[in-house]
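Have a look at the structure below, then the notes.
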Amino acid sequence: MSLPEIQRKQVAEVSKLVSGDDIRLRIAGESGEGVITAGDILLKTLHKMRRCVFTYETYPAEVRGGHCWYQLRTMIPEVLSAGDAIDVLLAFNQEGVDEHFHALREGGFLIRDAPTNPPMDEAPGPKQYFDVPIPMGELAVELGSPKGKNVAALGALAAAIGMPDTTIEASIAEVFARKGEKVVEQNLQVLRAARKAYLEIPHPPVPDLKSGEPENVTGYLMTGNDAVVLGAVAAGCRFFAGYPITPASPILEAIARELPRVRGTFIQAEDEIAALGLCLGASYSGVKSMTATSGPGFSLMAEELGLATAAEIPVVIVNSQRAGPSTGMPTKNEQGDLNAMVFSGHGDAPRIVLAATTPETAFEMTVEAFNLAERYQMPVVMAMDLSLSQRWGVIPPKTLEGFKTENRKVWLGAGGGESYSRYKLSDDGVSPIALPGTKAGQYVAEGIEHDETGAPCYTPDMHMRMMAKRYRKLELLAEDADKYVEWWGPEASENLVVAWGSARGPALEAVRRMADKGADIGIAVPRLLNPLPRGRFLRAVQAAGEVFVVELNFTGQFAGLLRREVPRTIHSVSKADGQVFTAHEVVARLEKVIR
Amino acid sequence: MSTPAAVTLSAKDYKTELHPIWCPGCGDFGVLNALHRALAAQQIAPENLVMVSGIGCSSRAPHFVNAYGFHTVHGRALPIATGVKEARPELEVIAVGGDGDFFAIGMGHLPHAARRNPDVCCIIMDNEIYGLTKGQASPTSKLKLVTGSTPYELVDQPINPIALAIVSGATFVARGYSGKPKELADLIIQAMVHKGFAVLQVISPCVTFHNIFEDTKAGVRDLAKEHNPKDKAGAIKLAIEGNGMEIGVFYKEERATLEQGIAYQKGKAAGGAPSRKSDMSELILKVAREEAVLVKN
């Protein structure tokens with residue numbers, strides 16, 4: 001195809017690109033070339049334009065070097081997933097071109113650094129695309145900004161998709177502000193030069209990228225991990241101990257910075273066992289505590305998780321999952337820790353497991369995790385995953401104002417001189433806790449089976465009563481759990497899709513697409529994974545014609561949990577390749593059963 | 001230090017109704033006795049004392065002391081005790097356990113507690129054996145010892161608790177003996193009064209699985225009077241060259257505690273803008289609510 005032909009095709013494609021309001025951009029390059037910074041600048045710019053953005057990053061485990069990429073999908077209304085085929089590929093090097101060309105849609109833009117070659121392999125059939133070689137690196141060097149290749153790329157991209165000059169320039173000024181005015185000015189020059197370079201080559205008409213309405217996106221832009229930190233402080237967390245681990249380290253760093261500002265205590269522990277131990281000591285003393293980790297650290301915490309259950313200590317553990325087992329793929333995504341979160345440790349040790357689905361719900365579920373830990377005096381695991389931890393989202397002001405907090409039932413002292421029993425048997429399994437410093441409340445918090453006073457006790461009767469006491473809490477929560485399930489679709493659909501955590505977005509998008517095509521389909525997204533919400537959720541799983549569980553792990557762990565509770569055929573739509581689902585993939589898997 | 005109790009308390013007032021599970025003649029009785037005396041001597045208010053322990057014979061101690069307690073899991077007394085102290089610095093915190101707790105499964109925590117220097121008193125009842133599991137070699141068992149787990153003699157070198165504690169950064173390091181409860185009570189008082197992480201190794205023989213009472217009784221002697229506890233190199237030399245039965249304070253230094261360090265960080269955080277400004281730094285102050293906090297610091 002000749003260039004004019006390609007360009008004619010482009011005119012049609014570009015109008016589709018903009019009018020469709022659904023644009024998928026991917027930036028690919030070597031780690032250290034500013035891929036993530038470029039993505040963040042685009043994100044800020046699109047946010048300023050009041051467009052919704054869904055981000056997805058993947059990077060190598062190496063400190064420096066290795067291939068990484070950042071995908072942004074922007075729509076004016078809500079955007080649910082990272083999207084399928086991409087519209088624009090921004091490649092900083094040859095690997096960026098070759099590795100990602102397959103993902104570029106028919107008629108998409110390939111904006112690449114000029115010394116690179118077009119993709120070698122176009123098999124099986126030639127794909128029509130608009131090839132935009134721009135000497136990004138060269139331009140940046142010429143303008144005295146040798147690290148500015150990423151900004152040059154943004155200049156070309158902004159020109160190609162019609163991003164307003166002033167908006168992207170404002171984002172650049174913001175991002176580079178702490179490096180000083182000179183750096184900001186240099187970067188702006190690079191941006192403008194690259195924009196000019198793009199406009200000087202034959203190109204399709206530049207569209208006018210639409211901005212959203214003011215009420216469309218209002219709120220605070222933050223990552224899932226930041227939302228967790230904010231939620232923790234909102235809930236009353238004033239003690240955090242943790243050990244660095246990908247992808248939970250940003251929680252540790254942000255809380256190290258923010259917690260002391262509200263008179264909270266932060267300690268970097270020597271390992272995850274110490275981290276949870278520090279939290280248990282603090283919470284025992286009456287200070288709400290949290291730790292955050294990923295799979296390997298969570299495994300180390302198993303024994304103390306049981307201690308928190310037995311001694312009835314409220315504590316919150318955030319587990320940002322990554323691909324396992326063992327060290328696995330530390331920088332790749334997976335939802336493979338579900339069984340560990342629900343069952344890890346010896347004995348029957350009840351704990352609550354919650355799962356956030358978006359950065360906004362990461363805030364809400366963190367607050368809820370503290371509230372439930374306090375209400376039931378037990379450990380609560382809040383599940384995140386790598387993609388959700390790193391993803392950017394917008395938290396509306398009402399979310400940050402409308403939350404409720406709960407405090408544990410505290411024993412305030414002996415009014416009538418009666419003696420205190422820490423583990424007094426009660427209808428709801430909860431007994432008031434005496435905080436050190438309270439006169440006449442002296443007791444020993446116990447991991448050994450104990451009687452009501454806390455004294456070690458191994459009689460068959462007492463063990464059974466204490467087991468029942470600890471499980472009673474889960475029963476009560478399971479019966480009152482409708483509010484933890486998000487629904488979309490008809491009240492009772494023939495086909496019910498269940499998704500949890502970050503799988504919610506692509507699953508919901510897939511379900512909507514299929515419903516648009518006439519399928520009788522709905523979706524349920526539980527944010528409480530243990531205990532399973534009884535009520536509407538389990539009734540719907542029982543009643544639906546076909547049930548599917550969409551999740552990112554090899555064995556279909558949530559499907560397994562559901563089968564234990566509802567013995568019926570459940571289709572597992574799972575994968576474990578280190579990447580997130582696309583809606584397209586989910587649709588294809590569902591259509592194998594739903595015709 | 002905590003506020004004194006309103007009425008005068010005797011050693012008896014620090015006992016509980018629970019009877020120790022220990023074998024008759026166990027060294028731990030002597031340690032418990034000394035602890036009761038030490039608490040009475042300082043008039044510690046029982047509600048302001050928290051005793052945190054791991055797992056083992058000696059880790060049952062919190063049940064036998066009129067105080068708040070946390071009987072945790074094997075080896076984890078130190079992080080949990082540190083958590084208590086840093087959350088509520090006004091509380092008096094004692095970590096207790098045995099040589100298995102502190103020098104085997106929980107060894108990883110000891111140097112970190114030492115370098116952080118929380119104002120926690122750590123009492124290690126060392127019987128050179130695993131008693132609760134009926135007699136296996138421990139990290140302080142001597143070479144060639146034959147036990148259930150070393151039928152062909154122990155070939156692992158024992159660790160040196162005193163030298164280890166000093167080089168790790170503990171700010172008070174002493175050794176006591178359960179057979180001398182009066183002197184031991186005095187060491188416990190010194191360890192508790194000391195501002196910082198105090199390690200008190202107590203020779204507390206096991207009468208059932210590794211009875212070294214006779215040898216210990218014959219071997220213990222006071223540390224040389226001329227030893228200056230501020231002399232770190234001298235203290236390490238004594239710990240290395242001694243026979244493990246010298247009783248007294250090996251080392252003592254004044255250093256900022258972890259509580260002081262954390263208070264300093266909170267002061268810096270309150271005084272200036274955060275180093276990396278973000279939306280969140282403003283939002284944090286907006287969402288932080290007084291009513292969500294149980295204990296104000």
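Going through the structure tokens in order, the chains are called A, B, and so on, while each chain numbers its residues from 1 and the ligands are numbered from 1 in the order shown.
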
Determine which residues of chain A sit within 7 Å of chain B, taking into account only C-alpha atoms, and present them as a ChimeraX atom specification.
/A:230,233-236,257-258,260-261,263,265,270,274,277-282,285-287,307,400,405-407,436-440,442-447

DSSP on the backbone, helix (DSSP H, G or I) only: what residues of stretch 51-291 of chain B does that give? Format it as a PyMOL selection string.
chain B and resi 58-64+77-87+99-105+107-116+161-168+181-193+213-219+232-241+258-271+279-287+290-291

Could you save the residues just selected, with C-alpha atoms, as an mmCIF file, in the first residue's frame?
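Contents of again-v4.cif, as written:
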```
data_model
loop_
_atom_site.group_PDB
_atom_site.id
_atom_site.type_symbol
_atom_site.label_atom_id
_atom_site.label_comp_id
_atom_site.auth_asym_id
_atom_site.auth_seq_id
_atom_site.Cartn_x
_atom_site.Cartn_y
_atom_site.Cartn_z
ATOM 1 C CA SER B 58 9.765 -20.179 80.756
ATOM 2 C CA SER B 59 7.345 -18.449 78.352
ATOM 3 C CA ARG B 60 4.468 -19.467 80.622
ATOM 4 C CA ALA B 61 5.705 -16.833 83.078
ATOM 5 C CA PRO B 62 3.133 -14.106 82.180
ATOM 6 C CA HIS B 63 0.403 -16.293 83.644
ATOM 7 C CA PHE B 64 2.147 -16.220 87.010
ATOM 8 C CA ALA B 77 8.170 -12.158 71.832
ATOM 9 C CA LEU B 78 10.519 -9.345 70.801
ATOM 10 C CA PRO B 79 8.647 -7.904 67.800
ATOM 11 C CA ILE B 80 5.373 -8.165 69.704
ATOM 12 C CA ALA B 81 6.844 -6.571 72.845
ATOM 13 C CA THR B 82 8.340 -3.809 70.673
ATOM 14 C CA GLY B 83 4.909 -3.251 69.122
ATOM 15 C CA VAL B 84 3.387 -2.834 72.583
ATOM 16 C CA LYS B 85 6.101 -0.413 73.700
ATOM 17 C CA GLU B 86 6.024 1.748 70.577
ATOM 18 C CA ALA B 87 2.236 1.907 70.531
ATOM 19 C CA ASP B 99 17.175 -19.889 74.965
ATOM 20 C CA GLY B 100 15.140 -21.589 72.211
ATOM 21 C CA ASP B 101 12.877 -18.559 71.866
ATOM 22 C CA PHE B 102 15.569 -15.921 71.727
ATOM 23 C CA PHE B 103 18.607 -17.730 70.301
ATOM 24 C CA ALA B 104 17.080 -20.270 67.897
ATOM 25 C CA ILE B 105 13.707 -19.656 66.264
ATOM 26 C CA MET B 107 17.280 -15.208 66.905
ATOM 27 C CA GLY B 108 16.577 -13.064 63.858
ATOM 28 C CA HIS B 109 14.741 -10.558 66.020
ATOM 29 C CA LEU B 110 17.292 -10.144 68.803
ATOM 30 C CA PRO B 111 19.917 -8.058 66.956
ATOM 31 C CA HIS B 112 17.178 -5.854 65.521
ATOM 32 C CA ALA B 113 15.645 -5.201 68.913
ATOM 33 C CA ALA B 114 19.165 -4.434 70.127
ATOM 34 C CA ARG B 115 19.946 -1.937 67.384
ATOM 35 C CA ARG B 116 16.536 -0.236 67.665
ATOM 36 C CA PRO B 161 24.557 -14.730 74.386
ATOM 37 C CA ILE B 162 26.386 -11.921 76.167
ATOM 38 C CA ALA B 163 28.843 -11.167 73.354
ATOM 39 C CA LEU B 164 26.037 -11.413 70.816
ATOM 40 C CA ALA B 165 23.847 -8.946 72.706
ATOM 41 C CA ILE B 166 26.703 -6.456 73.090
ATOM 42 C CA VAL B 167 27.851 -6.484 69.475
ATOM 43 C CA SER B 168 24.219 -6.278 68.313
ATOM 44 C CA PRO B 181 17.170 -14.705 93.548
ATOM 45 C CA LYS B 182 18.163 -11.728 95.672
ATOM 46 C CA GLU B 183 21.029 -10.757 93.374
ATOM 47 C CA LEU B 184 18.857 -11.620 90.383
ATOM 48 C CA ALA B 185 16.082 -9.324 91.619
ATOM 49 C CA ASP B 186 18.646 -6.551 91.771
ATOM 50 C CA LEU B 187 19.740 -7.224 88.176
ATOM 51 C CA ILE B 188 16.090 -7.262 87.035
ATOM 52 C CA ILE B 189 15.555 -3.897 88.695
ATOM 53 C CA GLN B 190 18.641 -2.476 86.980
ATOM 54 C CA ALA B 191 17.499 -3.891 83.635
ATOM 55 C CA MET B 192 14.007 -2.426 84.043
ATOM 56 C CA VAL B 193 15.220 0.953 85.232
ATOM 57 C CA PHE B 213 22.582 -27.248 89.187
ATOM 58 C CA GLU B 214 25.600 -28.693 90.941
ATOM 59 C CA ASP B 215 28.076 -27.473 88.306
ATOM 60 C CA THR B 216 26.454 -24.050 88.204
ATOM 61 C CA LYS B 217 26.336 -23.685 91.964
ATOM 62 C CA ALA B 218 30.015 -24.521 92.098
ATOM 63 C CA GLY B 219 30.964 -22.392 89.105
ATOM 64 C CA LYS B 232 32.485 -2.120 75.478
ATOM 65 C CA ALA B 233 35.623 -3.874 74.266
ATOM 66 C CA GLY B 234 36.387 -4.999 77.807
ATOM 67 C CA ALA B 235 32.873 -6.362 78.193
ATOM 68 C CA ILE B 236 33.122 -8.335 74.962
ATOM 69 C CA LYS B 237 36.513 -9.679 76.046
ATOM 70 C CA LEU B 238 35.035 -10.842 79.366
ATOM 71 C CA ALA B 239 32.125 -12.464 77.559
ATOM 72 C CA ILE B 240 34.425 -14.279 75.160
ATOM 73 C CA GLU B 241 37.045 -15.361 77.648
ATOM 74 C CA LEU B 258 13.315 3.726 69.774
ATOM 75 C CA GLU B 259 10.465 5.656 71.401
ATOM 76 C CA GLN B 260 12.613 8.783 71.364
ATOM 77 C CA GLY B 261 13.594 8.125 67.762
ATOM 78 C CA ILE B 262 10.003 7.717 66.658
ATOM 79 C CA ALA B 263 8.970 10.818 68.603
ATOM 80 C CA TYR B 264 11.744 12.687 66.782
ATOM 81 C CA GLN B 265 10.415 11.477 63.410
ATOM 82 C CA LYS B 266 6.886 12.542 64.354
ATOM 83 C CA GLY B 267 8.251 15.958 65.270
ATOM 84 C CA LYS B 268 9.963 16.274 61.880
ATOM 85 C CA ALA B 269 6.803 15.122 60.093
ATOM 86 C CA ALA B 270 4.671 17.650 61.942
ATOM 87 C CA GLY B 271 7.144 20.466 61.469
ATOM 88 C CA ASP B 279 -2.533 15.122 46.706
ATOM 89 C CA MET B 280 -2.470 12.541 49.428
ATOM 90 C CA SER B 281 -0.435 14.636 51.803
ATOM 91 C CA GLU B 282 -3.335 17.067 52.087
ATOM 92 C CA LEU B 283 -6.003 14.407 51.992
ATOM 93 C CA ILE B 284 -4.400 12.488 54.873
ATOM 94 C CA LEU B 285 -5.081 15.359 57.234
ATOM 95 C CA LYS B 286 -8.631 15.620 55.915
ATOM 96 C CA VAL B 287 -9.584 11.995 56.444
ATOM 97 C CA GLU B 290 -10.205 11.649 66.186
ATOM 98 C CA GLU B 291 -13.106 9.329 66.928
#
```

Strand (DSSP E) residues, from DSSP on the backbone, in stretch 177-245 of chain A, as a list of chain:residue names
A:Tyr220, A:Leu221, A:Met222, A:Thr223, A:Phe239, A:Phe240, A:Ala241, A:Gly242

Next, the residues of the selection above should be written as a PDB file, in the first residue's frame with C-alpha atoms.
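Resulting contents of part_38.pdb:
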```
ATOM      1  CA  TYR A 220      -8.483  12.826  43.442  1.00  0.00           C
ATOM      2  CA  LEU A 221      -6.183  10.945  41.140  1.00  0.00           C
ATOM      3  CA  MET A 222      -4.271   8.236  42.990  1.00  0.00           C
ATOM      4  CA  THR A 223      -2.972   4.709  42.693  1.00  0.00           C
ATOM      5  CA  PHE A 239       0.594   1.919  63.610  1.00  0.00           C
ATOM      6  CA  PHE A 240       2.174   0.294  60.583  1.00  0.00           C
ATOM      7  CA  ALA A 241       5.042  -2.146  60.370  1.00  0.00           C
ATOM      8  CA  GLY A 242       6.169  -3.695  57.127  1.00  0.00           C
TER       9      GLY A 242
END
```

By how many Å are atom CA of A:Lys127 and atom CA of A:Glu95 apart?
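These atoms are spaced 18.4 Å apart.
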
Atomic separation - atom CA of A:Val88 relative to atom CA of A:Tyr129, Å
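Answer for the atom CA of A:Tyr129 to atom CA of A:Val88 separation: 9.7 Å.
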
So what do you get for atom CA of A:Ile313 versus atom CA of A:Tyr284, distance-wise?
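That distance, rounded to one decimal, is 6.1 Å.
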